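Student: Would you mind keeping the following structure in view while I ask a few things?
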Amino acid sequence: MTTHTSTAQWNLAIEGMTCASCVGRVEKALTKVPGVTSATVNLATETAQVELDHAEDASALVAAVEKAGYTARALEPDTQAPEPARNEWWPVAVAAALSLPLMAPMVAMLFGAHLSIPAWVQLALATPVQFWLGARFYKAGWAALKARAGNMDLLVALGTSSGYGLSIYLMARHGSHGTPHLYFEASAVVITLVLLGKWLETRARRQTTEAIRALNALRPQTARVRRDGKELEIPIAAVRRDDLVVIRPGERVPVDGVIVEGSSELDESLITGESLPVARHEDGKVVGGSVNGEGLLVVRTTAVGGESTLARIVRLVESAQAKKAPVQRLVDRVSEVFVPVVIGIAFVTLLGWGLSSGDWEVAILNAVAVLVIACPCALGLATPTAIMAGTGVAARHGILIKDAEALEIAHKVDVVAFDKTGTLTEGKPQLAAADAVDGDRKALLAMAASIQAGSEHPLARAVQSAAQGEGANAIPASHVHAVAGRGMSADVGGRALRLGSTRWMEELRVDLAALQARATQLQSEGRTVSWVADVTDAPRLLGLLAFGDTVKPAAQLAVRSLRDQGVRTVLLTGDNAGSANAIAKPLGIDDIRSEVLPEDKARIVAELRAQGHTVAMVGDGINDAPALAAADVGIAMGTGTDVAMHAAGVTLMRGNPALVADAIDISRRTYRKIRQNLFWAFVYNVVGIPLAAFGLLDPVIAGAAMALSSVSVVTNALMLRRWKGASS
């Protein structure tokens, strides 16, 4: 338990939740406990976060959850949420293997053949599907009944039980007169399809928790600490504030702190989104999770454990996932009314026919006909078939939709927020300008390539690539040395050359006046400027190099396609304003937000949502994970980090930003199919139930109508396979 001045907070692990309606029931049960001010249930992590206005133990909370039909246990502070139970695929496979033979007669009829399966064989195949593999629906349906609520599980249990029970009745009555028309295939196939949908849903939920596990994996397990003149490697949990931590070149920084010895360049792209390494000197701050460059650093620890920047990002992702309201599925909402109405109609039909005619056998048949026509086969197929068709065609076009919920929400997106580096740009610095004082660009490139030959620094690779492309051959260099945080030095052709930052040039007393105006112009465009100087005798400027990222070729198509769809675009980047404007303005992006940290991105996304917008966030880095989780729909570039892809519901496998508009388009088309399917599914019920109640529809015709409704929704969903995106 976490206590504050006058409040307390408990985290509970909840077991037994299967759908969004379960979340609502658990939250409702918790909020009824005296003293509870708020309760937020996270279906993805199967946990609940409860705020109370006074400190007390969790026994009352656990009891309330158990009374609602679930199990709960209190989690101690700093305890990670339990991993979701393993999602077994074998029940779906076994159910399909048992159900497919039952479908054989229906398939044979399509080809004009008559195939009859003995009743006892049908019974043997359908029974394990109904009561073994389908037991979960009875349990969840019973829990919903006890909570005076209706859900899809209850609908499945009632509908399939009706078909199964009617088949048993017909076997008993007509078994000695051949094989009557039975309904085992309907009950078995419905259970199989719903099990498949549940398996896919659970798989998607588990993937959402991988984002947090991937973030936690960035934390080094040990740190090298200097104590009493000795360097000791200790567990990260044992590091204290003000400890001196030694970080060697190439190592990941284990703590937040301030440099007390050394200087280096750090790759902070995981935290800030800045694509280029950042120079850090004594008294400079370092962030845990960043990667040290070529210098040895000694850092005084300022934040450890839960206080670190990386830990805050983890909490942001967890919080964003917890606060994301689960989608109230249309079928579940309708089922709350549909189930009791159908039961009531069947009961009235039974009594009406029995009391008026005295023929209770006919009364039972008519009542069962009501339940059979109302069997949720079409309702069960309406959403999953459209989602499976939509996700399938999207995958063929490079759009991986891991979360069906994201597919349903994306159709409402009216604002798309883009990260810059690696999303709209290539994420690889390139040489944007090379200006020589004497005008000899080729000679300048040759000298720069000579100094940086063999270096793996991103800027060095950019210089070498440009020099090779322009035929500027590097000259063998000697005494090559990397000066941490400043640049490179080398002797080339008998000349002592230096390539590095403005700060280093000033220290070397190099006069930069000849190209200062040009440097200022390039920096205003968001370029990173390095200088080349000759210090053999008197320091003399040779030229400047400017580096920048290139816009992806499809970025303009992406923004234009979104505008055509009526979607507004926003750029969120950790880069400076000049770099952001240089990229965003030519693309026509509507709103530009520069120099934002990960928490700022998540906050801006939350603000846009608070204004009534449905927001999609597009990013590729770990620093984008909180904003991806905070958005209504997170869209990750497949060329980015695993954490970004885990936190997002949609991944663009080709890293093509134009696929963002395609993802929204396929979502809109899929959602349209879902609504059409549900409409046709209910039309059959609206027409069929009254006919069955008045005795005008016997169970055989009711079963045929139910099958026809299934065929219609599947056929409608399969039309999505013809979709082609604008970027294709």
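Going by the structure tokens order, chains are called A, B, ..., each with residues numbered from 1, while ligands are numbered from 1 in the order shown.
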Which polymer residues have any atom within 7 Å of an atom of stretch 219-230 of chain A, counting only C-alpha atoms, with same-chain residues fewer than 2 positions away left out, as a list in words?
Tutor: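 My reading of the contact set: Asn216, Ala217, Leu232, Glu233, Ile234, Pro235, Ile236, Asp243, Leu244, Val245, Val246, Pro254 and Gly289 of chain A.
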Student: Using only C-alpha atoms, please write the residues we just selected to a file, as a short mmCIF file (atom, residue, chain, number, x, y, z; two decimals), in the first residue's frame.
Tutor:
```
data_model
loop_
_atom_site.label_atom_id
_atom_site.label_comp_id
_atom_site.auth_asym_id
_atom_site.auth_seq_id
_atom_site.Cartn_x
_atom_site.Cartn_y
_atom_site.Cartn_z
CA ASN A 216 12.33 -2.36 -17.82
CA ALA A 217 14.87 -4.39 -19.80
CA LEU A 232 32.98 -2.25 -7.16
CA GLU A 233 30.38 -3.79 -9.46
CA ILE A 234 27.14 -3.90 -7.47
CA PRO A 235 23.44 -4.52 -8.24
CA ILE A 236 21.66 -1.43 -9.50
CA ASP A 243 27.47 7.47 -5.32
CA LEU A 244 30.23 7.85 -7.93
CA VAL A 245 29.39 5.59 -10.89
CA VAL A 246 32.07 4.78 -13.49
CA PRO A 254 22.75 3.00 -15.34
CA GLY A 289 19.31 4.44 -20.40
#
```
Student: If we count only C-alpha atoms, what is near A:Val413 at a cut-off of 8 Å, once residues fewer than 4 positions away on the same chain are taken out, given as number ranges by chain?
Tutor: A: 409, 567, 613-616, 664
Student: Enumerate as JSON, numbers by chain all residues of stretch 223-294 of chain A assigned to helix (DSSP H, G or I) by DSSP on the backbone, naming them with the chain letters and numbers the document uses.
Tutor: {"A": [236, 237, 238, 269, 270, 271, 272]}
Student: Rank nothing, just name the residue among A:Asp600, A:Glu88, A:Gln556, A:Leu371 nearest to A:Thr160, using only C-alpha atoms.
Tutor: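 Using only C-alpha atoms, A:Thr160 sits closest to A:Leu371.
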Student: Name the closest residue to A:Thr423 among the candidates A:Arg654, A:Arg280, A:Arg73, A:His174; distances are taken between atoms, counting only C-alpha atoms.
Tutor: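 Of all the options, A:Arg654 lies closest to A:Thr423.
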